[in-house]
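Worksheet: the structure to be examined is printed underneath.
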Amino acid sequence: MSDAILSLSDVTKQFGSLLASDSVTLDLRPGEIHALIGPNGAGKSTLIKQIAGEIKSDRGDIHFNGQNINALDAVARSRMGLARTFQVSSLMPEFSVLQNVMLARQSVSGKVFRFFKPVLGDKSLVEPAMAQLERVGLADRAQMRAADISHGERRQLEMAVALALEPKAFLLDEPMAGMGPEGSKRLTGFLDGLRGQAPILLVEHDMDAVFALADRISVLVYGRIIATGTVDEIRGNDDVKRAYLGEEA
Amino acid sequence: MTMNREFLINSILAIALIAVPLIALGMDEPFIITLATKVAIFAMAGVGLNLVLGYGGLVSFGHAAFFGIGGYAAGILASHALNYEPIMESPFLIEGTTQMIVIWIVALIVSALVALVIGAITLRTSGVYFIMITLAFAQMIYYFAISWPAYGGEDGLSIYVRNGFPGINTLDPISFFALCAVMLAIAMVFSAVLIRSRFGLALQGARQNPQRMTAVGIAPFRIRLVAFVISAMITALAGALYADLNRFVSPTMLSWHMSGEIMVFVILGGVGRLFGPLAGAALYIILEHLLGGVWEFWQLPLGVLLLLVVLFARGGLVGVLAGERKHV
């Protein structure tokens, strides 16, 4: 526990009579991919929002990088190094692909209130942003409007923006959503190499990807974690089979 | 190619703004010079509003407050100077002035402070609430001006002699026009530089997707607040010039009609376009004086035009002429 980068204990959120997250205890260790799986409506996205600081938890503690971040808002958490991607791509549609990534670089540089220097000529932003686009394979789309690129490319751009934040942990909310098999495969390979840079909390429905990538898996059902373990442990767990895998198999 | 076309249209607008009063000077038509001056001043007020409305996506319905603050800065300082009454004698002496530069500095400082307070409260809301609360603040200032007898209350305040600027005879219509046109140009260049800067990128980002802004660690609120203050200052400067143009300032400058008019300049000309406010203000003044002379209800076709722009041509006049839709 002590060496975890991100740890949740007893995190709870209730919407009316619906318990979206119920005493969730979970941790993310250096160098690992921790997959969070569960049926639709299990509360995975809500949990990501609670970790990112977009939703305030009713109860429980979230520690990040050794610090209790309960009181910090989403902006502060992002600045501490918690980078998230969205289930439905959330980008700046009118900006170019490059500008989308530059905005993240601007945040990392800590110098947003600069009024006179033209941003597109600012090498300290353009170059690292281009580097991230090259990593995700979008360099040739840099000048296109984010609204005009394909769905799969928007998913890649989401990743590039997260990478540009140079985070200490990634929160990836269904990065494969809507991607074709080919794209999923490529992204799986990419994420595999990413765990060395920062650990990943991965919410994903694509079970092939999850089983290929995850060091550990936690299963969320009706807001509760019913099991946490390695891929083999989860595959062999009867509760999980009943509650989740059984439905699909 | 569309970029080039917009550049061409912008150039025509700029040349027309300068050429029309020069021709009027040759034909000895000072009234037309005054109209062109009005266009330059209204365009400048619009340039201020466009920063938040166009680039920031914040529909402020209270910019008359800043326009009026600029106007009253000119009126109040001039009236004290002309009556030889200091504004304040203790603890230290503050006297009025008829120097535009001093008036502008006062207008900038006061409008910035007021915008900081109004923005800090209103920017916590969004959408219709933001529109209504900015309107409410502007109306508060409007009623304050009406009920404050020291500076004319409802009747307003006359500036008997137009305030001065070093090296220029401001009472000469073409000289005063030149001063206003230069101020407009400065405001537009400043605005153009601003929107291309890091700050500008963040401001436009906050309009498109505040959720994404937050996720990359930039708080939209602070960006918007700074934009709101800068926007108010530009509009206030326009207000100070407007008071000097008319040599008169009254609560009308603070009223919600004025807020609406500034908004009309921006929307008519092209929201989020550098030359939009100039195109809009020019069209407004032309309509007002061509139609207004012959028909009492000249605002009716204006309303229809505005409706058409909002429904079918979001890029406004500049957008239609440039044949490009910038905002989706």
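Residue numbers start at 1 in each chain; chains themselves are named A, B, ... in the order of the structure tokens; ligands are numbered from 1 in the order shown.
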
I'd like a table as a Markdown table: residues in chain A with an atom no more than 10 Å from chain B, each row giving the shortest atom pair and its distance in Å to one decimal, only C-alpha atoms counted, sorted by chain and rising residue number.
| residue | atom | partner | partner_atom | distance |
| --- | --- | --- | --- | --- |
| A:Ala52 | CA | B:Ala215 | CA | 8.0 |
| A:Gly53 | CA | B:Ala215 | CA | 9.4 |
| A:Glu54 | CA | B:Thr214 | CA | 8.9 |
| A:Asp73 | CA | B:Thr214 | CA | 9.1 |
| A:Ala74 | CA | B:Thr214 | CA | 6.3 |
| A:Val75 | CA | B:Gly217 | CA | 4.3 |
| A:Ala76 | CA | B:Gly217 | CA | 6.5 |
| A:Arg77 | CA | B:Gly217 | CA | 7.5 |
| A:Ser78 | CA | B:Gly217 | CA | 4.9 |
| A:Arg79 | CA | B:Gly217 | CA | 5.2 |
| A:Met80 | CA | B:Gly217 | CA | 8.8 |
| A:Gly81 | CA | B:Gly217 | CA | 9.2 |
| A:Leu82 | CA | B:Ala215 | CA | 8.9 |
| A:Ala83 | CA | B:Ala215 | CA | 7.1 |
| A:Arg84 | CA | B:Ala215 | CA | 6.9 |
| A:Thr85 | CA | B:Ala215 | CA | 8.4 |
| A:Phe86 | CA | B:Arg212 | CA | 9.0 |
| A:Ser89 | CA | B:Arg212 | CA | 9.5 |
| A:Ser90 | CA | B:Arg212 | CA | 6.0 |
| A:Leu91 | CA | B:Arg212 | CA | 6.3 |
| A:Met92 | CA | B:Gln208 | CA | 5.7 |
| A:Pro93 | CA | B:Gln208 | CA | 7.1 |
| A:Glu94 | CA | B:Gln208 | CA | 7.5 |
| A:Phe95 | CA | B:Gly205 | CA | 8.0 |
| A:Gln99 | CA | B:Leu201 | CA | 8.0 |
| A:Asn100 | CA | B:Gly205 | CA | 8.6 |
| A:Val101 | CA | B:Val216 | CA | 9.6 |
| A:Met102 | CA | B:Leu201 | CA | 9.1 |
| A:Leu103 | CA | B:Ala202 | CA | 6.9 |
| A:Ala104 | CA | B:Val216 | CA | 5.4 |
| A:Arg105 | CA | B:Val216 | CA | 8.7 |
| A:Gln106 | CA | B:Arg198 | CA | 7.3 |
| A:Ser107 | CA | B:Gly217 | CA | 6.0 |
| A:Val108 | CA | B:Gly217 | CA | 8.0 |
| A:Gly110 | CA | B:Ile218 | CA | 9.1 |
| A:Lys111 | CA | B:Arg198 | CA | 8.1 |
| A:Val112 | CA | B:Phe199 | CA | 5.7 |
| A:Phe113 | CA | B:Phe199 | CA | 5.3 |
| A:Arg114 | CA | B:Phe199 | CA | 5.6 |
| A:Phe115 | CA | B:Leu194 | CA | 5.3 |
| A:Phe116 | CA | B:Ser197 | CA | 5.6 |
| A:Lys117 | CA | B:Ser197 | CA | 5.4 |
| A:Pro118 | CA | B:Ser197 | CA | 4.6 |
| A:Val119 | CA | B:Ser197 | CA | 4.8 |
| A:Leu120 | CA | B:Arg196 | CA | 7.6 |
| A:Gly121 | CA | B:Ser197 | CA | 9.5 |
| A:Asp122 | CA | B:Arg198 | CA | 9.1 |
| A:Leu125 | CA | B:Arg198 | CA | 9.7 |
| A:Ala147 | CA | B:Val328 | CA | 9.8 |
| A:Glu158 | CA | B:Arg212 | CA | 10.0 |
| A:Val161 | CA | B:Val216 | CA | 7.9 |
| A:Ala162 | CA | B:Val216 | CA | 7.8 |
| A:Ala164 | CA | B:Val216 | CA | 9.2 |
| A:Leu165 | CA | B:Val216 | CA | 7.0 |

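Close contacts of A:His151, defined as residues with an atom at most 12 Å away when counting only C-alpha atoms, with chain neighbours fewer than 3 positions off set aside, comprise Val88, Ser89, Ser90, Leu91, Ala146, Ala147, Asp148, Arg154, Arg155, Gln156, Leu157, Glu158, Pro175, Met176, Ala177, Gly178, Met179, Gly180 and Gly183 of chain A.
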
Let me see the file: selected residues, N, CA and C atoms, as a PDB file, in the first residue's frame.
ATOM      1  N   VAL A  88     -15.989   9.399 -24.115  1.00  0.00           N
ATOM      2  CA  VAL A  88     -16.375  10.028 -25.363  1.00  0.00           C
ATOM      3  C   VAL A  88     -15.359  11.143 -25.584  1.00  0.00           C
ATOM      4  N   SER A  89     -14.647  11.100 -26.697  1.00  0.00           N
ATOM      5  CA  SER A  89     -13.551  12.051 -26.917  1.00  0.00           C
ATOM      6  C   SER A  89     -13.970  13.468 -26.564  1.00  0.00           C
ATOM      7  N   SER A  90     -13.156  14.112 -25.762  1.00  0.00           N
ATOM      8  CA  SER A  90     -13.446  15.460 -25.319  1.00  0.00           C
ATOM      9  C   SER A  90     -12.286  16.344 -25.745  1.00  0.00           C
ATOM     10  N   LEU A  91     -12.461  16.991 -26.898  1.00  0.00           N
ATOM     11  CA  LEU A  91     -11.366  17.758 -27.478  1.00  0.00           C
ATOM     12  C   LEU A  91     -11.851  19.155 -27.837  1.00  0.00           C
ATOM     13  N   ALA A 146      -9.495  19.293 -35.258  1.00  0.00           N
ATOM     14  CA  ALA A 146      -9.847  18.091 -34.496  1.00  0.00           C
ATOM     15  C   ALA A 146     -11.222  17.574 -34.901  1.00  0.00           C
ATOM     16  N   ALA A 147     -12.105  18.494 -35.336  1.00  0.00           N
ATOM     17  CA  ALA A 147     -13.450  18.079 -35.739  1.00  0.00           C
ATOM     18  C   ALA A 147     -13.432  17.280 -37.031  1.00  0.00           C
ATOM     19  N   ASP A 148     -12.357  17.438 -37.819  1.00  0.00           N
ATOM     20  CA  ASP A 148     -12.336  16.828 -39.152  1.00  0.00           C
ATOM     21  C   ASP A 148     -11.590  15.499 -39.223  1.00  0.00           C
ATOM     22  N   ARG A 154      -9.296  10.617 -33.306  1.00  0.00           N
ATOM     23  CA  ARG A 154      -9.617  11.422 -32.121  1.00  0.00           C
ATOM     24  C   ARG A 154      -9.225  10.689 -30.843  1.00  0.00           C
ATOM     25  N   ARG A 155      -9.396   9.344 -30.864  1.00  0.00           N
ATOM     26  CA  ARG A 155      -8.973   8.554 -29.700  1.00  0.00           C
ATOM     27  C   ARG A 155      -7.457   8.677 -29.516  1.00  0.00           C
ATOM     28  N   GLN A 156      -6.732   8.650 -30.637  1.00  0.00           N
ATOM     29  CA  GLN A 156      -5.279   8.790 -30.563  1.00  0.00           C
ATOM     30  C   GLN A 156      -4.908  10.166 -30.028  1.00  0.00           C
ATOM     31  N   LEU A 157      -5.662  11.176 -30.472  1.00  0.00           N
ATOM     32  CA  LEU A 157      -5.388  12.539 -30.023  1.00  0.00           C
ATOM     33  C   LEU A 157      -5.619  12.667 -28.514  1.00  0.00           C
ATOM     34  N   GLU A 158      -6.677  12.020 -28.028  1.00  0.00           N
ATOM     35  CA  GLU A 158      -6.916  12.011 -26.575  1.00  0.00           C
ATOM     36  C   GLU A 158      -5.672  11.499 -25.839  1.00  0.00           C
ATOM     37  N   PRO A 175     -10.248   3.691 -23.541  1.00  0.00           N
ATOM     38  CA  PRO A 175      -9.505   4.262 -24.671  1.00  0.00           C
ATOM     39  C   PRO A 175      -9.785   3.566 -25.996  1.00  0.00           C
ATOM     40  N   MET A 176     -10.261   2.311 -25.950  1.00  0.00           N
ATOM     41  CA  MET A 176     -10.495   1.583 -27.202  1.00  0.00           C
ATOM     42  C   MET A 176     -11.900   1.810 -27.746  1.00  0.00           C
ATOM     43  N   ALA A 177     -12.742   2.522 -26.985  1.00  0.00           N
ATOM     44  CA  ALA A 177     -14.156   2.626 -27.358  1.00  0.00           C
ATOM     45  C   ALA A 177     -14.321   3.069 -28.805  1.00  0.00           C
ATOM     46  N   GLY A 178     -15.041   2.277 -29.570  1.00  0.00           N
ATOM     47  CA  GLY A 178     -15.363   2.643 -30.945  1.00  0.00           C
ATOM     48  C   GLY A 178     -14.238   2.448 -31.940  1.00  0.00           C
ATOM     49  N   MET A 179     -13.139   1.884 -31.486  1.00  0.00           N
ATOM     50  CA  MET A 179     -12.029   1.661 -32.411  1.00  0.00           C
ATOM     51  C   MET A 179     -12.195   0.320 -33.104  1.00  0.00           C
ATOM     52  N   GLY A 180     -11.723   0.227 -34.323  1.00  0.00           N
ATOM     53  CA  GLY A 180     -11.762  -1.043 -35.032  1.00  0.00           C
ATOM     54  C   GLY A 180     -10.762  -2.014 -34.431  1.00  0.00           C
ATOM     55  N   GLY A 183      -7.155  -0.902 -34.876  1.00  0.00           N
ATOM     56  CA  GLY A 183      -6.793   0.216 -34.003  1.00  0.00           C
ATOM     57  C   GLY A 183      -6.619  -0.247 -32.567  1.00  0.00           C
TER      58      GLY A 183
END

Please determine, counting only C-alpha atoms, which residue among A:Leu98, A:Ile69, A:Met144, A:Leu202 has the shortest atom-to-atom distance to A:Val126.
A:Leu98

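Excluding A:Arg59 itself and any same-chain residue fewer than 2 positions from it, the protein and nucleic acid residues within 8 Å of it, counting only C-alpha atoms, are Asp10, Val11, Thr12, Lys13, Ser57 and Asp61 of chain A.
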
Selection file, N, CA and C atoms, as a PDB file, in the first residue's frame:
ATOM      1  N   ASP A  10     -12.219   3.350   0.867  1.00  0.00           N
ATOM      2  CA  ASP A  10     -13.599   3.563   1.312  1.00  0.00           C
ATOM      3  C   ASP A  10     -14.304   4.674   0.520  1.00  0.00           C
ATOM      4  N   VAL A  11     -13.934   4.839  -0.751  1.00  0.00           N
ATOM      5  CA  VAL A  11     -14.510   5.930  -1.541  1.00  0.00           C
ATOM      6  C   VAL A  11     -15.954   5.604  -1.920  1.00  0.00           C
ATOM      7  N   THR A  12     -16.839   6.524  -1.575  1.00  0.00           N
ATOM      8  CA  THR A  12     -18.269   6.277  -1.728  1.00  0.00           C
ATOM      9  C   THR A  12     -18.952   7.482  -2.360  1.00  0.00           C
ATOM     10  N   LYS A  13     -19.894   7.201  -3.258  1.00  0.00           N
ATOM     11  CA  LYS A  13     -20.695   8.266  -3.837  1.00  0.00           C
ATOM     12  C   LYS A  13     -22.109   7.770  -4.073  1.00  0.00           C
ATOM     13  N   SER A  57     -16.518  13.048  -3.728  1.00  0.00           N
ATOM     14  CA  SER A  57     -16.964  11.829  -3.045  1.00  0.00           C
ATOM     15  C   SER A  57     -17.710  12.200  -1.770  1.00  0.00           C
ATOM     16  N   ASP A  61     -11.132   8.405   1.248  1.00  0.00           N
ATOM     17  CA  ASP A  61      -9.922   9.184   0.990  1.00  0.00           C
ATOM     18  C   ASP A  61      -9.274   8.752  -0.307  1.00  0.00           C
TER      19      ASP A  61
END

Residues of stretch 168-263 of chain B in helix (DSSP H, G or I), written as a PDB file with C-alpha atoms, in the first residue's frame:
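The new file selection-v7.pdb reads:
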ATOM      1  CA  PRO B 173     -13.773  66.873 -36.786  1.00  0.00           C
ATOM      2  CA  ILE B 174     -11.197  65.170 -39.000  1.00  0.00           C
ATOM      3  CA  SER B 175      -8.491  65.399 -36.320  1.00  0.00           C
ATOM      4  CA  PHE B 176     -10.797  63.882 -33.728  1.00  0.00           C
ATOM      5  CA  PHE B 177     -11.764  61.183 -36.216  1.00  0.00           C
ATOM      6  CA  ALA B 178      -8.086  60.396 -36.796  1.00  0.00           C
ATOM      7  CA  LEU B 179      -7.557  60.070 -33.055  1.00  0.00           C
ATOM      8  CA  CYS B 180     -10.497  57.676 -32.730  1.00  0.00           C
ATOM      9  CA  ALA B 181      -9.400  55.649 -35.771  1.00  0.00           C
ATOM     10  CA  VAL B 182      -5.897  55.266 -34.342  1.00  0.00           C
ATOM     11  CA  MET B 183      -7.362  54.144 -31.015  1.00  0.00           C
ATOM     12  CA  LEU B 184      -9.542  51.626 -32.850  1.00  0.00           C
ATOM     13  CA  ALA B 185      -6.521  50.350 -34.759  1.00  0.00           C
ATOM     14  CA  ILE B 186      -4.558  49.945 -31.540  1.00  0.00           C
ATOM     15  CA  ALA B 187      -7.454  48.064 -29.951  1.00  0.00           C
ATOM     16  CA  MET B 188      -7.734  45.774 -32.979  1.00  0.00           C
ATOM     17  CA  VAL B 189      -4.011  45.052 -33.193  1.00  0.00           C
ATOM     18  CA  PHE B 190      -3.957  44.392 -29.454  1.00  0.00           C
ATOM     19  CA  SER B 191      -6.933  42.076 -29.796  1.00  0.00           C
ATOM     20  CA  ALA B 192      -5.353  40.240 -32.753  1.00  0.00           C
ATOM     21  CA  VAL B 193      -2.106  39.710 -30.863  1.00  0.00           C
ATOM     22  CA  LEU B 194      -3.990  38.598 -27.771  1.00  0.00           C
ATOM     23  CA  ILE B 195      -6.023  35.895 -29.478  1.00  0.00           C
ATOM     24  CA  ARG B 196      -2.900  34.393 -31.047  1.00  0.00           C
ATOM     25  CA  ARG B 198      -1.044  31.462 -25.138  1.00  0.00           C
ATOM     26  CA  PHE B 199      -3.739  33.339 -23.300  1.00  0.00           C
ATOM     27  CA  GLY B 200      -5.805  33.557 -26.476  1.00  0.00           C
ATOM     28  CA  LEU B 201      -5.479  29.837 -27.082  1.00  0.00           C
ATOM     29  CA  ALA B 202      -6.665  29.153 -23.556  1.00  0.00           C
ATOM     30  CA  LEU B 203      -9.569  31.614 -23.900  1.00  0.00           C
ATOM     31  CA  GLN B 204     -10.802  29.980 -27.099  1.00  0.00           C
ATOM     32  CA  GLY B 205     -10.265  26.567 -25.555  1.00  0.00           C
ATOM     33  CA  ALA B 206     -12.437  27.510 -22.596  1.00  0.00           C
ATOM     34  CA  ARG B 207     -15.225  28.421 -25.029  1.00  0.00           C
ATOM     35  CA  GLN B 208     -15.044  25.153 -26.937  1.00  0.00           C
ATOM     36  CA  PRO B 210     -14.329  23.734 -20.465  1.00  0.00           C
ATOM     37  CA  GLN B 211     -14.256  20.057 -19.414  1.00  0.00           C
ATOM     38  CA  ARG B 212     -11.115  19.486 -21.475  1.00  0.00           C
ATOM     39  CA  MET B 213      -9.553  22.679 -20.115  1.00  0.00           C
ATOM     40  CA  THR B 214     -10.028  21.462 -16.587  1.00  0.00           C
ATOM     41  CA  ALA B 215      -8.617  18.055 -17.488  1.00  0.00           C
ATOM     42  CA  PRO B 220     -11.415  28.333 -17.241  1.00  0.00           C
ATOM     43  CA  PHE B 221     -12.597  30.810 -14.605  1.00  0.00           C
ATOM     44  CA  ARG B 222      -9.310  32.671 -14.276  1.00  0.00           C
ATOM     45  CA  ILE B 223      -8.831  32.856 -18.027  1.00  0.00           C
ATOM     46  CA  ARG B 224     -12.345  34.215 -18.471  1.00  0.00           C
ATOM     47  CA  LEU B 225     -11.984  36.732 -15.673  1.00  0.00           C
ATOM     48  CA  VAL B 226      -8.830  38.221 -17.180  1.00  0.00           C
ATOM     49  CA  ALA B 227     -10.526  38.348 -20.593  1.00  0.00           C
ATOM     50  CA  PHE B 228     -13.588  40.011 -19.089  1.00  0.00           C
ATOM     51  CA  VAL B 229     -11.452  42.726 -17.490  1.00  0.00           C
ATOM     52  CA  ILE B 230      -9.468  43.409 -20.680  1.00  0.00           C
ATOM     53  CA  SER B 231     -12.689  43.451 -22.667  1.00  0.00           C
ATOM     54  CA  ALA B 232     -14.259  45.962 -20.265  1.00  0.00           C
ATOM     55  CA  MET B 233     -11.223  48.239 -20.482  1.00  0.00           C
ATOM     56  CA  ILE B 234     -11.364  48.421 -24.284  1.00  0.00           C
ATOM     57  CA  THR B 235     -15.086  49.180 -24.188  1.00  0.00           C
ATOM     58  CA  ALA B 236     -14.534  51.831 -21.503  1.00  0.00           C
ATOM     59  CA  LEU B 237     -11.949  53.562 -23.653  1.00  0.00           C
ATOM     60  CA  ALA B 238     -14.489  53.667 -26.464  1.00  0.00           C
ATOM     61  CA  GLY B 239     -16.982  55.137 -23.999  1.00  0.00           C
ATOM     62  CA  ALA B 240     -14.597  57.956 -23.068  1.00  0.00           C
ATOM     63  CA  LEU B 241     -14.199  58.810 -26.755  1.00  0.00           C
ATOM     64  CA  TYR B 242     -17.964  58.666 -27.287  1.00  0.00           C
ATOM     65  CA  ALA B 243     -18.583  61.159 -24.488  1.00  0.00           C
ATOM     66  CA  ASP B 244     -16.046  63.465 -26.098  1.00  0.00           C
ATOM     67  CA  LEU B 245     -17.603  63.018 -29.529  1.00  0.00           C
ATOM     68  CA  ASN B 246     -21.004  64.113 -28.222  1.00  0.00           C
ATOM     69  CA  PRO B 251     -27.261  57.437 -18.230  1.00  0.00           C
ATOM     70  CA  THR B 252     -28.356  56.397 -21.745  1.00  0.00           C
ATOM     71  CA  MET B 253     -24.785  55.275 -22.301  1.00  0.00           C
ATOM     72  CA  LEU B 254     -25.237  52.871 -19.382  1.00  0.00           C
ATOM     73  CA  TRP B 256     -29.397  48.016 -21.534  1.00  0.00           C
ATOM     74  CA  HIS B 257     -30.236  49.421 -24.973  1.00  0.00           C
ATOM     75  CA  MET B 258     -26.595  50.337 -25.275  1.00  0.00           C
ATOM     76  CA  SER B 259     -25.496  46.847 -24.203  1.00  0.00           C
ATOM     77  CA  GLY B 260     -27.792  45.477 -26.866  1.00  0.00           C
ATOM     78  CA  GLU B 261     -26.441  47.830 -29.510  1.00  0.00           C
ATOM     79  CA  ILE B 262     -22.831  46.844 -28.821  1.00  0.00           C
ATOM     80  CA  MET B 263     -23.912  43.231 -29.054  1.00  0.00           C
TER      81      MET B 263
END

Excluding same-chain residues fewer than 4 positions from stretch 92-107 of chain B, what lies within 6 Å of it counting only C-alpha atoms, as JSON, numbers by chain?
{"B": [70, 73, 74, 77, 78, 80, 81, 86, 87, 88, 111, 163, 164, 165]}

Taken to one decimal, the atom CA of B:Phe7-atom CA of B:Pro277 distance is 15.0 Å

Skip A:Asp27 itself and residues of its chain fewer than 2 positions away, then list as number ranges by chain all residues within 12 Å of it, counting only C-alpha atoms.
A: 1-11, 24-25, 29-30, 32-36, 51, 61-65, 169, 199-201, 216-218, 225, 228-229

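Straight-line separation from atom CA of B:Gly270 to atom CA of B:Gly315: 4.7 Å.
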
Backbone-only DSSP, strand (DSSP E) members of stretch 115-231 of chain A, as a ChimeraX atom specification
/A:169-173,200-203,216-221,224-229

Surrounding residues of A:Ala227 excluding itself and chain neighbours under 4 positions, 12 Å, only C-alpha atoms, as JSON, numbers by chain
{"A": [24, 25, 26, 35, 36, 37, 38, 216, 217, 218, 219, 220, 221, 231, 233, 234, 235, 236, 237, 238, 239, 240, 241, 243, 244]}

What is the distance between atom CA of B:Ala279 and atom CA of B:Ser11, in Å to one decimal?
11.3 Å
